[in-house]
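Structure below is target28.pdb: PDB, C-alpha atoms.
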ATOM      1  CA  MET L1478     -70.036   5.709-137.062
ATOM      2  CA  SER L1479     -71.762   8.186-139.387
ATOM      3  CA  SER L1480     -69.786  11.364-139.992
ATOM      4  CA  ARG L1481     -71.215  14.855-140.407
ATOM      5  CA  SER L1482     -69.539  18.053-141.506
ATOM      6  CA  TYR L1483     -67.884  20.256-138.904
ATOM      7  CA  LEU L1484     -68.721  23.413-140.918
ATOM      8  CA  LYS L1485     -71.942  25.214-141.765
ATOM      9  CA  TRP L1486     -72.185  26.149-145.448
ATOM     10  CA  ALA L1487     -74.701  28.152-147.470
ATOM     11  CA  GLY L1488     -76.325  25.778-149.939
ATOM     12  CA  GLY L1489     -74.957  22.740-148.101
ATOM     13  CA  LYS L1490     -76.798  19.456-148.597
ATOM     14  CA  SER L1491     -76.776  18.099-145.040
ATOM     15  CA  LYS L1492     -80.593  18.369-144.788
ATOM     16  CA  ILE L1493     -81.305  16.526-148.044
ATOM     17  CA  ILE L1494     -78.405  14.096-148.452
ATOM     18  CA  ASN L1495     -80.497  11.172-147.162
ATOM     19  CA  GLN L1496     -83.167  11.878-149.789
ATOM     20  CA  MET L1497     -80.465  12.059-152.452
ATOM     21  CA  ILE L1498     -79.126   8.680-151.313
ATOM     22  CA  ASP L1499     -82.652   7.182-151.527
ATOM     23  CA  ILE L1500     -82.919   8.441-155.122
ATOM     24  CA  ILE L1501     -79.476   7.040-156.005
ATOM     25  CA  ALA L1502     -80.537   3.660-154.575
ATOM     26  CA  GLU L1503     -83.375   3.567-157.136
ATOM     27  CA  LYS L1504     -80.697   3.425-159.895
ATOM     28  CA  PRO L1505     -81.695   6.408-162.069
ATOM     29  CA  LEU L1506     -81.152   5.721-165.795
ATOM     30  CA  ASP L1507     -81.002   2.040-164.836
ATOM     31  CA  THR L1508     -77.400   2.688-163.780
ATOM     32  CA  SER L1509     -75.430   1.860-160.651
ATOM     33  CA  TRP L1510     -74.037   5.005-159.007
ATOM     34  CA  LYS L1511     -71.826   3.125-156.575
ATOM     35  CA  VAL L1512     -68.107   3.989-156.586
ATOM     36  CA  THR L1513     -66.040   0.798-156.405
ATOM     37  CA  ASP L1514     -62.345   0.403-155.608
ATOM     38  CA  GLU L1515     -61.477   0.745-159.295
ATOM     39  CA  GLN L1516     -63.336   4.043-159.748
ATOM     40  CA  SER L1517     -62.861   7.623-158.572
ATOM     41  CA  TYR L1518     -65.291  10.069-156.988
ATOM     42  CA  LEU L1519     -64.742  13.736-157.835
ATOM     43  CA  GLU L1520     -66.447  16.811-156.400
ATOM     44  CA  PRO L1521     -65.284  20.285-157.556
ATOM     45  CA  PHE L1522     -67.491  22.441-155.282
ATOM     46  CA  ILE L1523     -66.733  20.704-152.003
ATOM     47  CA  GLY L1524     -67.932  23.281-149.456
ATOM     48  CA  SER L1525     -68.515  21.509-146.143
ATOM     49  CA  ALA L1526     -68.217  18.031-147.763
ATOM     50  CA  SER L1527     -71.719  16.963-146.642
ATOM     51  CA  VAL L1528     -72.423  15.002-149.809
ATOM     52  CA  PHE L1529     -69.137  13.099-149.776
ATOM     53  CA  LEU L1530     -69.648  12.197-146.100
ATOM     54  CA  GLY L1531     -73.214  11.059-146.754
ATOM     55  CA  LEU L1532     -72.209   8.915-149.735
ATOM     56  CA  LYS L1533     -69.371   7.372-147.743
ATOM     57  CA  ASN L1534     -71.579   6.732-144.708
ATOM     58  CA  SER L1535     -74.100   4.945-146.955
ATOM     59  CA  GLY L1536     -71.468   2.759-148.614
ATOM     60  CA  ILE L1537     -71.864   4.323-152.071
ATOM     61  CA  ILE L1538     -68.189   5.358-151.934
ATOM     62  CA  GLU L1539     -66.025   2.374-151.013
ATOM     63  CA  ASN L1540     -62.456   3.686-151.247
ATOM     64  CA  GLU L1541     -61.572   7.196-150.080
ATOM     65  CA  SER L1542     -58.035   6.941-151.521
ATOM     66  CA  LYS L1543     -59.479   7.499-155.022
ATOM     67  CA  VAL L1544     -61.566  10.511-153.974
ATOM     68  CA  ILE L1545     -60.765  14.034-155.198
ATOM     69  CA  LEU L1546     -62.498  16.861-153.328
ATOM     70  CA  SER L1547     -61.722  20.347-154.580
ATOM     71  CA  ASP L1548     -62.672  24.003-154.375
ATOM     72  CA  ILE L1549     -61.176  27.359-155.381
ATOM     73  CA  ASN L1550     -61.311  28.520-151.743
ATOM     74  CA  GLU L1551     -57.699  28.102-150.565
ATOM     75  CA  ILE L1552     -58.544  28.648-146.895
ATOM     76  CA  LEU L1553     -61.306  26.031-147.006
ATOM     77  CA  ILE L1554     -59.074  23.425-148.652
ATOM     78  CA  ALA L1555     -56.181  24.209-146.288
ATOM     79  CA  THR L1556     -58.535  23.718-143.328
ATOM     80  CA  HIS L1557     -59.889  20.382-144.602
ATOM     81  CA  LYS L1558     -56.322  19.167-145.226
ATOM     82  CA  THR L1559     -55.245  20.146-141.719
ATOM     83  CA  ILE L1560     -58.216  18.449-140.041
ATOM     84  CA  GLN L1561     -57.484  15.336-142.122
ATOM     85  CA  ASN L1562     -54.333  14.757-140.036
ATOM     86  CA  LYS L1563     -54.991  13.442-136.492
ATOM     87  CA  LYS L1564     -52.032  15.202-134.831
ATOM     88  CA  ASN L1565     -52.876  18.494-136.519
ATOM     89  CA  LEU L1566     -56.512  18.119-135.476
ATOM     90  CA  GLU L1567     -55.488  17.769-131.827
ATOM     91  CA  LYS L1568     -53.533  21.031-132.085
ATOM     92  CA  VAL L1569     -56.456  22.800-133.771
ATOM     93  CA  VAL L1570     -58.815  21.702-130.981
ATOM     94  CA  ILE L1571     -56.435  23.117-128.340
ATOM     95  CA  LYS L1572     -56.298  26.421-130.241
ATOM     96  CA  LEU L1573     -60.091  26.527-130.633
ATOM     97  CA  LYS L1574     -60.549  26.050-126.879
ATOM     98  CA  GLU L1575     -58.381  29.132-126.317
ATOM     99  CA  MET L1576     -60.368  31.087-128.908
ATOM    100  CA  GLU L1577     -63.712  30.057-127.452
ATOM    101  CA  LYS L1578     -62.557  31.376-124.067
ATOM    102  CA  GLU L1579     -61.235  34.625-125.587
ATOM    103  CA  LEU L1580     -64.536  35.278-127.371
ATOM    104  CA  SER L1581     -66.438  34.713-124.149
ATOM    105  CA  GLU L1582     -64.199  37.189-122.296
ATOM    106  CA  LYS L1583     -63.621  39.880-124.949
ATOM    107  CA  GLY L1584     -66.844  39.685-126.942
ATOM    108  CA  PRO L1585     -67.317  41.118-130.478
ATOM    109  CA  ASP L1586     -63.904  42.821-130.626
ATOM    110  CA  TYR L1587     -62.203  39.440-130.546
ATOM    111  CA  TYR L1588     -64.300  38.148-133.461
ATOM    112  CA  TYR L1589     -63.310  41.114-135.637
ATOM    113  CA  GLU L1590     -59.673  40.722-134.612
ATOM    114  CA  ILE L1591     -59.704  37.135-135.919
ATOM    115  CA  ARG L1592     -61.611  38.211-139.033
ATOM    116  CA  ASP L1593     -58.855  40.744-139.784
ATOM    117  CA  LEU L1594     -56.235  38.002-139.462
ATOM    118  CA  LEU L1595     -58.200  35.773-141.800
ATOM    119  CA  ASN L1596     -58.473  38.596-144.334
ATOM    120  CA  LEU L1597     -54.725  39.171-144.264
ATOM    121  CA  GLU L1598     -54.316  35.569-145.311
ATOM    122  CA  LEU L1599     -57.050  35.790-147.940
ATOM    123  CA  THR L1600     -55.723  38.933-149.588
ATOM    124  CA  GLU L1601     -51.979  38.812-148.886
ATOM    125  CA  GLY L1602     -51.257  35.212-147.959
ATOM    126  CA  LYS L1603     -50.047  36.264-144.507
ATOM    127  CA  GLY L1604     -51.014  33.268-142.407
ATOM    128  CA  LYS L1605     -48.998  32.138-139.381
ATOM    129  CA  ASP L1606     -49.237  28.404-140.044
ATOM    130  CA  LYS L1607     -51.732  25.694-140.982
ATOM    131  CA  ILE L1608     -52.943  25.224-137.394
ATOM    132  CA  HIS L1609     -53.811  28.905-137.029
ATOM    133  CA  THR L1610     -55.383  28.981-140.504
ATOM    134  CA  ALA L1611     -57.672  26.036-139.714
ATOM    135  CA  ALA L1612     -58.554  27.344-136.240
ATOM    136  CA  ASN L1613     -59.358  30.817-137.612
ATOM    137  CA  MET L1614     -61.525  29.380-140.377
ATOM    138  CA  ILE L1615     -63.512  27.143-138.012
ATOM    139  CA  PHE L1616     -63.848  29.896-135.392
ATOM    140  CA  ILE L1617     -65.183  32.377-137.960
ATOM    141  CA  ASN L1618     -67.572  29.799-139.411
ATOM    142  CA  LYS L1619     -69.048  29.047-135.983
ATOM    143  CA  ALA L1620     -69.205  32.645-134.754
ATOM    144  CA  CYS L1621     -70.282  34.574-137.852
ATOM    145  CA  PHE L1622     -73.849  35.240-139.010
ATOM    146  CA  ASN L1623     -75.460  31.956-140.073
ATOM    147  CA  GLY L1624     -72.118  30.291-140.848
ATOM    148  CA  LEU L1625     -72.042  32.239-144.107
ATOM    149  CA  TRP L1626     -68.889  32.411-146.234
ATOM    150  CA  ARG L1627     -69.130  35.654-148.213
ATOM    151  CA  VAL L1628     -66.370  37.803-149.700
ATOM    152  CA  ASN L1629     -66.416  41.233-151.338
ATOM    153  CA  ARG L1630     -64.836  42.252-154.651
ATOM    154  CA  ASN L1631     -61.479  42.667-152.942
ATOM    155  CA  GLY L1632     -61.626  39.062-151.759
ATOM    156  CA  GLU L1633     -62.191  40.067-148.113
ATOM    157  CA  PHE L1634     -64.487  38.076-145.862
ATOM    158  CA  ASN L1635     -67.131  40.543-144.657
ATOM    159  CA  VAL L1636     -69.733  38.625-142.636
ATOM    160  CA  PRO L1637     -70.492  40.150-139.215
ATOM    161  CA  LEU L1638     -70.593  38.382-135.886
ATOM    162  CA  GLY L1639     -73.764  36.348-135.495
ATOM    163  CA  ARG L1640     -76.139  36.377-132.569
ATOM    164  CA  SER L1641     -75.898  33.601-130.014
ATOM    165  CA  SER L1642     -79.208  32.007-129.100
ATOM    166  CA  ASN L1643     -80.632  33.490-125.891
ATOM    167  CA  ASN L1644     -77.254  35.188-125.273
ATOM    168  CA  SER L1645     -75.789  31.789-124.473
ATOM    169  CA  LYS L1646     -72.136  30.877-124.895
ATOM    170  CA  ARG L1647     -71.266  30.075-128.502
ATOM    171  CA  THR L1648     -70.149  26.530-129.223
ATOM    172  CA  ILE L1649     -67.047  26.722-131.366
ATOM    173  CA  ILE L1650     -65.779  23.171-130.921
ATOM    174  CA  GLN L1651     -67.733  20.138-132.123
ATOM    175  CA  LYS L1652     -65.119  17.526-131.356
ATOM    176  CA  GLU L1653     -67.161  14.504-132.403
ATOM    177  CA  ARG L1654     -67.754  15.981-135.859
ATOM    178  CA  LEU L1655     -64.101  16.985-136.221
ATOM    179  CA  ASN L1656     -62.968  13.474-135.278
ATOM    180  CA  GLY L1657     -65.508  11.903-137.620
ATOM    181  CA  PHE L1658     -64.366  14.090-140.507
ATOM    182  CA  GLN L1659     -60.730  13.209-139.838
ATOM    183  CA  THR L1660     -61.500   9.489-139.893
ATOM    184  CA  SER L1661     -63.749   9.633-142.964
ATOM    185  CA  THR L1662     -61.347  11.709-145.078
ATOM    186  CA  PHE L1663     -58.168   9.800-144.267
ATOM    187  CA  GLY L1664     -56.606   9.190-147.685
ATOM    188  CA  VAL L1665     -58.819  11.680-149.552
ATOM    189  CA  ASN L1666     -57.042  13.951-152.028
ATOM    190  CA  PHE L1667     -58.023  17.582-151.356
ATOM    191  CA  LYS L1668     -57.142  19.995-154.164
ATOM    192  CA  CYS L1669     -57.403  23.764-154.558
ATOM    193  CA  ASN L1670     -58.617  23.657-158.155
ATOM    194  CA  SER L1671     -60.990  25.458-160.478
ATOM    195  CA  TRP L1672     -64.085  23.385-161.274
ATOM    196  CA  ASN L1673     -63.018  22.816-164.893
ATOM    197  CA  LYS L1674     -59.620  21.377-163.885
ATOM    198  CA  THR L1675     -61.278  18.876-161.573
ATOM    199  CA  ILE L1676     -63.914  17.831-164.118
ATOM    200  CA  LYS L1677     -61.162  17.153-166.678
ATOM    201  CA  LEU L1678     -59.666  14.602-164.258
ATOM    202  CA  ALA L1679     -62.808  12.444-164.378
ATOM    203  CA  LYS L1680     -62.442   9.281-166.454
ATOM    204  CA  GLU L1681     -64.850   6.701-167.849
ATOM    205  CA  GLY L1682     -66.697   4.962-165.017
ATOM    206  CA  ASP L1683     -65.937   7.647-162.428
ATOM    207  CA  LEU L1684     -68.652   9.491-160.487
ATOM    208  CA  LEU L1685     -68.723  13.285-160.633
ATOM    209  CA  TYR L1686     -70.969  15.283-158.277
ATOM    210  CA  ILE L1687     -71.605  18.945-159.139
ATOM    211  CA  ASP L1688     -73.004  21.377-156.564
ATOM    212  CA  PRO L1689     -72.311  24.919-157.845
ATOM    213  CA  PRO L1690     -73.696  28.167-156.402
ATOM    214  CA  TYR L1691     -77.453  28.223-156.890
ATOM    215  CA  LEU L1692     -79.053  29.495-160.088
ATOM    216  CA  PRO L1693     -81.876  32.025-159.710
ATOM    217  CA  ILE L1694     -85.322  30.461-159.561
ATOM    218  CA  ASN L1695     -86.581  33.223-161.860
ATOM    219  CA  GLU L1696     -84.373  34.766-164.557
ATOM    220  CA  GLY L1697     -82.818  38.042-163.412
ATOM    221  CA  GLU L1698     -83.562  37.328-159.733
ATOM    222  CA  TYR L1699     -80.836  37.842-157.105
ATOM    223  CA  VAL L1700     -79.198  34.703-155.831
ATOM    224  CA  PHE L1701     -76.231  34.417-153.499
ATOM    225  CA  THR L1702     -72.968  33.561-155.306
ATOM    226  CA  ASP L1703     -70.394  35.530-153.293
ATOM    227  CA  TYR L1704     -68.314  32.548-152.176
ATOM    228  CA  ASP L1705     -65.532  34.070-154.270
ATOM    229  CA  LYS L1706     -64.809  37.631-155.426
ATOM    230  CA  SER L1707     -65.598  36.615-159.028
ATOM    231  CA  GLY L1708     -69.078  35.352-158.144
ATOM    232  CA  PHE L1709     -70.655  32.742-160.415
ATOM    233  CA  PRO L1710     -72.550  34.411-163.287
ATOM    234  CA  LEU L1711     -74.975  32.705-165.650
ATOM    235  CA  LYS L1712     -72.324  32.344-168.372
ATOM    236  CA  GLU L1713     -70.251  30.283-165.910
ATOM    237  CA  HIS L1714     -73.216  27.969-165.290
ATOM    238  CA  LYS L1715     -73.520  27.463-169.052
ATOM    239  CA  LYS L1716     -69.824  26.562-169.341
ATOM    240  CA  LEU L1717     -70.243  24.177-166.397
ATOM    241  CA  ALA L1718     -73.247  22.492-168.024
ATOM    242  CA  LYS L1719     -71.270  21.918-171.230
ATOM    243  CA  ALA L1720     -68.369  20.435-169.241
ATOM    244  CA  CYS L1721     -70.783  18.083-167.427
ATOM    245  CA  ILE L1722     -72.386  16.912-170.678
ATOM    246  CA  ASP L1723     -68.936  16.426-172.260
ATOM    247  CA  ALA L1724     -67.884  14.359-169.231
ATOM    248  CA  ALA L1725     -70.986  12.182-169.555
ATOM    249  CA  GLU L1726     -70.238  11.705-173.273
ATOM    250  CA  ARG L1727     -66.879  10.192-172.357
ATOM    251  CA  GLY L1728     -68.454   7.772-169.908
ATOM    252  CA  VAL L1729     -68.368   9.658-166.604
ATOM    253  CA  ARG L1730     -71.464   9.298-164.420
ATOM    254  CA  VAL L1731     -72.587  12.810-163.460
ATOM    255  CA  ILE L1732     -74.936  14.050-160.720
ATOM    256  CA  ILE L1733     -75.841  17.756-160.616
ATOM    257  CA  SER L1734     -77.915  19.555-157.988
ATOM    258  CA  ASN L1735     -79.388  23.063-158.177
ATOM    259  CA  ASN L1736     -82.599  25.026-157.759
ATOM    260  CA  GLU L1737     -85.435  23.695-159.887
ATOM    261  CA  SER L1738     -86.188  26.522-162.300
ATOM    262  CA  ASP L1739     -86.823  27.454-165.921
ATOM    263  CA  VAL L1740     -83.244  28.763-165.989
ATOM    264  CA  LEU L1741     -81.878  25.339-165.009
ATOM    265  CA  ASN L1742     -84.079  23.561-167.537
ATOM    266  CA  LYS L1743     -82.859  25.822-170.339
ATOM    267  CA  ILE L1744     -79.231  25.111-169.490
ATOM    268  CA  TYR L1745     -79.799  21.374-169.071
ATOM    269  CA  ASP L1746     -82.196  20.855-171.979
ATOM    270  CA  LYS L1747     -83.181  17.182-172.073
ATOM    271  CA  LYS L1748     -83.701  16.949-175.838
ATOM    272  CA  LYS L1749     -80.393  18.636-176.589
ATOM    273  CA  ILE L1750     -78.554  16.442-174.092
ATOM    274  CA  ASN L1751     -80.131  13.260-175.499
ATOM    275  CA  SER L1752     -79.080  14.300-179.014
ATOM    276  CA  GLN L1753     -75.465  14.269-177.820
ATOM    277  CA  GLY L1754     -75.606  10.613-176.848
ATOM    278  CA  VAL L1755     -76.245  11.271-173.155
ATOM    279  CA  ASP L1756     -79.170  10.001-171.079
ATOM    280  CA  TYR L1757     -80.888  12.429-168.690
ATOM    281  CA  GLU L1758     -83.091  11.934-165.641
ATOM    282  CA  LYS L1759     -84.239  14.520-163.106
ATOM    283  CA  HIS L1760     -85.669  14.132-159.604
ATOM    284  CA  LEU L1761     -87.068  16.849-157.326
ATOM    285  CA  ILE L1762     -86.629  17.242-153.569
ATOM    286  CA  LEU L1763     -88.609  19.733-151.482
ATOM    287  CA  LEU L1764     -86.240  21.836-149.402
ATOM    288  CA  ARG L1765     -87.718  22.414-145.960
ATOM    289  CA  ARG L1766     -85.656  25.532-145.470
ATOM    290  CA  THR L1767     -83.493  27.967-147.359
ATOM    291  CA  MET L1768     -80.295  29.451-146.001
ATOM    292  CA  LYS L1769     -80.610  33.119-145.099
ATOM    293  CA  THR L1770     -77.736  34.880-146.841
ATOM    294  CA  VAL L1771     -78.466  38.392-145.578
ATOM    295  CA  ILE L1772     -79.909  39.626-142.310
ATOM    296  CA  GLY L1773     -83.654  39.871-142.765
ATOM    297  CA  GLY L1774     -83.532  37.629-145.835
ATOM    298  CA  LYS L1775     -86.689  35.725-146.705
ATOM    299  CA  ARG L1776     -87.057  32.009-146.044
ATOM    300  CA  GLU L1777     -89.102  29.978-148.485
ATOM    301  CA  GLN L1778     -89.789  26.389-149.429
ATOM    302  CA  ILE L1779     -88.184  25.601-152.759
ATOM    303  CA  LYS L1780     -87.540  22.530-154.900
ATOM    304  CA  GLU L1781     -84.060  21.141-155.377
ATOM    305  CA  ALA L1782     -83.411  19.436-158.703
ATOM    306  CA  VAL L1783     -81.065  16.442-158.841
ATOM    307  CA  ILE L1784     -80.022  15.651-162.417
ATOM    308  CA  PHE L1785     -78.380  12.398-163.501
ATOM    309  CA  LEU L1786     -76.377  12.147-166.718
ATOM    310  CA  SER L1787     -74.719   9.056-168.196
ATOM    311  CA  LYS L1788     -73.535   7.903-171.596
ATOM    312  CA  LYS L1789     -76.232   6.169-173.601
ATOM    313  CA  LYS L1790     -75.965   2.412-173.546
ATOM    314  CA  ASN L1791     -75.385   0.681-176.888
TER     315      ASN L1791
END
Once you've parsed the file, please lay out its structure as structure tokens.
Amino acid sequence: MSSRSYLKWAGGKSKIINQMIDIIAEKPLDTSWKVTDEQSYLEPFIGSASVFLGLKNSGIIENESKVILSDINEILIATHKTIQNKKNLEKVVIKLKEMEKELSEKGPDYYYEIRDLLNLELTEGKGKDKIHTAANMIFINKACFNGLWRVNRNGEFNVPLGRSSNNSKRTIIQKERLNGFQTSTFGVNFKCNSWNKTIKLAKEGDLLYIDPPYLPINEGEYVFTDYDKSGFPLKEHKKLAKACIDAAERGVRVIISNNESDVLNKIYDKKKINSQGVDYEKHLILLRRTMKTVIGGKREQIKEAVIFLSKKKN
């Protein structure tokens, strides 16, 4: 059974993962990108886990016990860990059924009540328990505007209640997806880590997939990076690029995805990368949609770049 993420996520790859898998099957850089039992798969910007699930569904990842999925979002990681356990998942589903009913009866006030509880946990660590944390996170993700995770400078989640289509009842519970995620991630190691800590764990032969907040298509242009109160400025992208190239130098296979842009091509300069003993190959995918990150935001067709890096063969 193919598994899909139970969360919506800005910048998520659920719509293009199949195209990414087709590209991987072509063996970019004349290299196998399969993750065998002896190798690890690491992903430091896990989000909704769409890429991991797609790679596992396709057989590219063989052994989930050597998988490390991480993010700096403590609530996100806590939720994934809770759903990973079958008994905990059953309790979360019961709680979500109650919340779905409450939202239907109380309306917007109930959404903002739950958002306040979530913010207490985000800013002061005042969560009741892991079941409530996971249920609150999933509820907010399903009920908020466009499933957007956005925090302000104080670290508070500030996305308003979204509109339901044709004033219909909102669907909070997607049990099949929750069950599929639980099965597919059994044995996976979820970590609340900074991206650099996770990249340092990657060893020769491992596969590292990098999906950071998007770079601007044009230099100086606004792009959504408010997943965390610190954002993700250009200098952070440059540090990330260096860490990826360093990882490839030590024999890690690296896949990076981001907006195709002059900014990206300056950071991942092919000639410079090749001079460091690392091979480089880039593929482009046309995105059929872009995630609205603000109400009234513009939707455009853009190109997604998928970059492959590996140590040069002797």
For L:Phe1622: contacts at 6 Å, all atoms listed in the file, fewer than 4 positions along chain excluded, given as a ChimeraX atom specification
/L:1637-1639
I would like the residues chosen by the PyMOL selection byres ((chain L and resi 1548-1550) around 7) on the shown file; could you give them as a PDB file with C-alpha atoms, in the coordinates of the input?
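Now in result38.pdb:
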ATOM      1  CA  PRO L1521     -65.284  20.285-157.556  1.00  0.00           C
ATOM      2  CA  PHE L1522     -67.491  22.441-155.282  1.00  0.00           C
ATOM      3  CA  ILE L1523     -66.733  20.704-152.003  1.00  0.00           C
ATOM      4  CA  SER L1547     -61.722  20.347-154.580  1.00  0.00           C
ATOM      5  CA  GLU L1551     -57.699  28.102-150.565  1.00  0.00           C
ATOM      6  CA  ILE L1552     -58.544  28.648-146.895  1.00  0.00           C
ATOM      7  CA  LEU L1553     -61.306  26.031-147.006  1.00  0.00           C
ATOM      8  CA  ILE L1554     -59.074  23.425-148.652  1.00  0.00           C
ATOM      9  CA  LYS L1668     -57.142  19.995-154.164  1.00  0.00           C
ATOM     10  CA  CYS L1669     -57.403  23.764-154.558  1.00  0.00           C
ATOM     11  CA  ASN L1670     -58.617  23.657-158.155  1.00  0.00           C
ATOM     12  CA  SER L1671     -60.990  25.458-160.478  1.00  0.00           C
TER      13      SER L1671
END
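You can rank L:Leu1519, L:Leu1625, L:Val1665, L:Val1755 by their closest distance to L:Gly1488 using all atoms listed in the file, and at the top of that list sits L:Leu1625.
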Can you list, as a JSON list (two decimals) with C-alpha atoms, in the frame of the given file, the residues that the PyMOL selection byres ((chain L and resi 1498) around 10) selects here?
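out23.json, freshly written:
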[["chain", "number", "residue", "atom", "x", "y", "z"],
["L", 1493, "ILE", "CA", -81.31, 16.53, -148.04],
["L", 1494, "ILE", "CA", -78.40, 14.10, -148.45],
["L", 1495, "ASN", "CA", -80.50, 11.17, -147.16],
["L", 1496, "GLN", "CA", -83.17, 11.88, -149.79],
["L", 1497, "MET", "CA", -80.46, 12.06, -152.45],
["L", 1499, "ASP", "CA", -82.65, 7.18, -151.53],
["L", 1500, "ILE", "CA", -82.92, 8.44, -155.12],
["L", 1501, "ILE", "CA", -79.48, 7.04, -156.00],
["L", 1502, "ALA", "CA", -80.54, 3.66, -154.57],
["L", 1503, "GLU", "CA", -83.38, 3.57, -157.14],
["L", 1510, "TRP", "CA", -74.04, 5.00, -159.01],
["L", 1528, "VAL", "CA", -72.42, 15.00, -149.81],
["L", 1531, "GLY", "CA", -73.21, 11.06, -146.75],
["L", 1532, "LEU", "CA", -72.21, 8.91, -149.74],
["L", 1535, "SER", "CA", -74.10, 4.94, -146.96],
["L", 1537, "ILE", "CA", -71.86, 4.32, -152.07]]
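Nearest residue to L:Leu1599 among L:Leu1678, L:Ala1555, L:Ile1545, L:Leu1506 is L:Ala1555, counting all atoms listed in the file.
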Rebuild all heavy atoms on stretch 1654-1659 of chain L, as a CSV table (one decimal), in the frame of the given file?
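For reference, part20.csv as written:
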chain,number,residue,atom,x,y,z
L,1654,ARG,N,-67.7,15.8,-134.4
L,1654,ARG,CA,-67.8,16.0,-135.9
L,1654,ARG,C,-66.4,16.1,-136.5
L,1654,ARG,O,-66.1,15.6,-137.5
L,1654,ARG,CB,-68.6,17.2,-136.2
L,1654,ARG,CG,-70.1,17.0,-135.9
L,1654,ARG,CD,-70.9,18.1,-136.6
L,1654,ARG,NE,-72.3,18.0,-136.2
L,1654,ARG,CZ,-73.2,18.6,-136.9
L,1654,ARG,NH1,-72.9,19.5,-137.8
L,1654,ARG,NH2,-74.5,18.5,-136.5
L,1655,LEU,N,-65.5,16.8,-135.8
L,1655,LEU,CA,-64.1,17.0,-136.2
L,1655,LEU,C,-63.4,15.6,-136.3
L,1655,LEU,O,-62.7,15.3,-137.3
L,1655,LEU,CB,-63.3,17.9,-135.3
L,1655,LEU,CG,-63.7,19.4,-135.4
L,1655,LEU,CD1,-63.2,20.2,-134.1
L,1655,LEU,CD2,-63.1,20.0,-136.6
L,1656,ASN,N,-63.6,14.8,-135.3
L,1656,ASN,CA,-63.0,13.5,-135.3
L,1656,ASN,C,-63.5,12.6,-136.4
L,1656,ASN,O,-62.8,11.9,-137.1
L,1656,ASN,CB,-63.2,12.8,-133.9
L,1656,ASN,CG,-62.3,13.4,-132.8
L,1656,ASN,OD1,-61.3,14.0,-133.1
L,1656,ASN,ND2,-62.7,13.3,-131.6
L,1657,GLY,N,-64.9,12.7,-136.6
L,1657,GLY,CA,-65.5,11.9,-137.6
L,1657,GLY,C,-65.0,12.3,-139.0
L,1657,GLY,O,-64.8,11.4,-139.9
L,1658,PHE,N,-64.9,13.6,-139.2
L,1658,PHE,CA,-64.4,14.1,-140.5
L,1658,PHE,C,-63.0,13.6,-140.7
L,1658,PHE,O,-62.6,13.1,-141.8
L,1658,PHE,CB,-64.4,15.6,-140.5
L,1658,PHE,CG,-64.0,16.2,-141.9
L,1658,PHE,CD1,-65.0,16.5,-142.8
L,1658,PHE,CD2,-62.7,16.5,-142.2
L,1658,PHE,CE1,-64.7,17.0,-144.0
L,1658,PHE,CE2,-62.4,17.1,-143.4
L,1658,PHE,CZ,-63.4,17.3,-144.3
L,1659,GLN,N,-62.1,13.7,-139.7
L,1659,GLN,CA,-60.7,13.2,-139.8
L,1659,GLN,C,-60.7,11.7,-140.2
L,1659,GLN,O,-59.9,11.4,-141.2
L,1659,GLN,CB,-60.0,13.4,-138.5
L,1659,GLN,CG,-58.5,13.2,-138.5
L,1659,GLN,CD,-58.2,11.7,-138.3
L,1659,GLN,OE1,-58.7,11.0,-137.5
L,1659,GLN,NE2,-57.2,11.2,-139.1
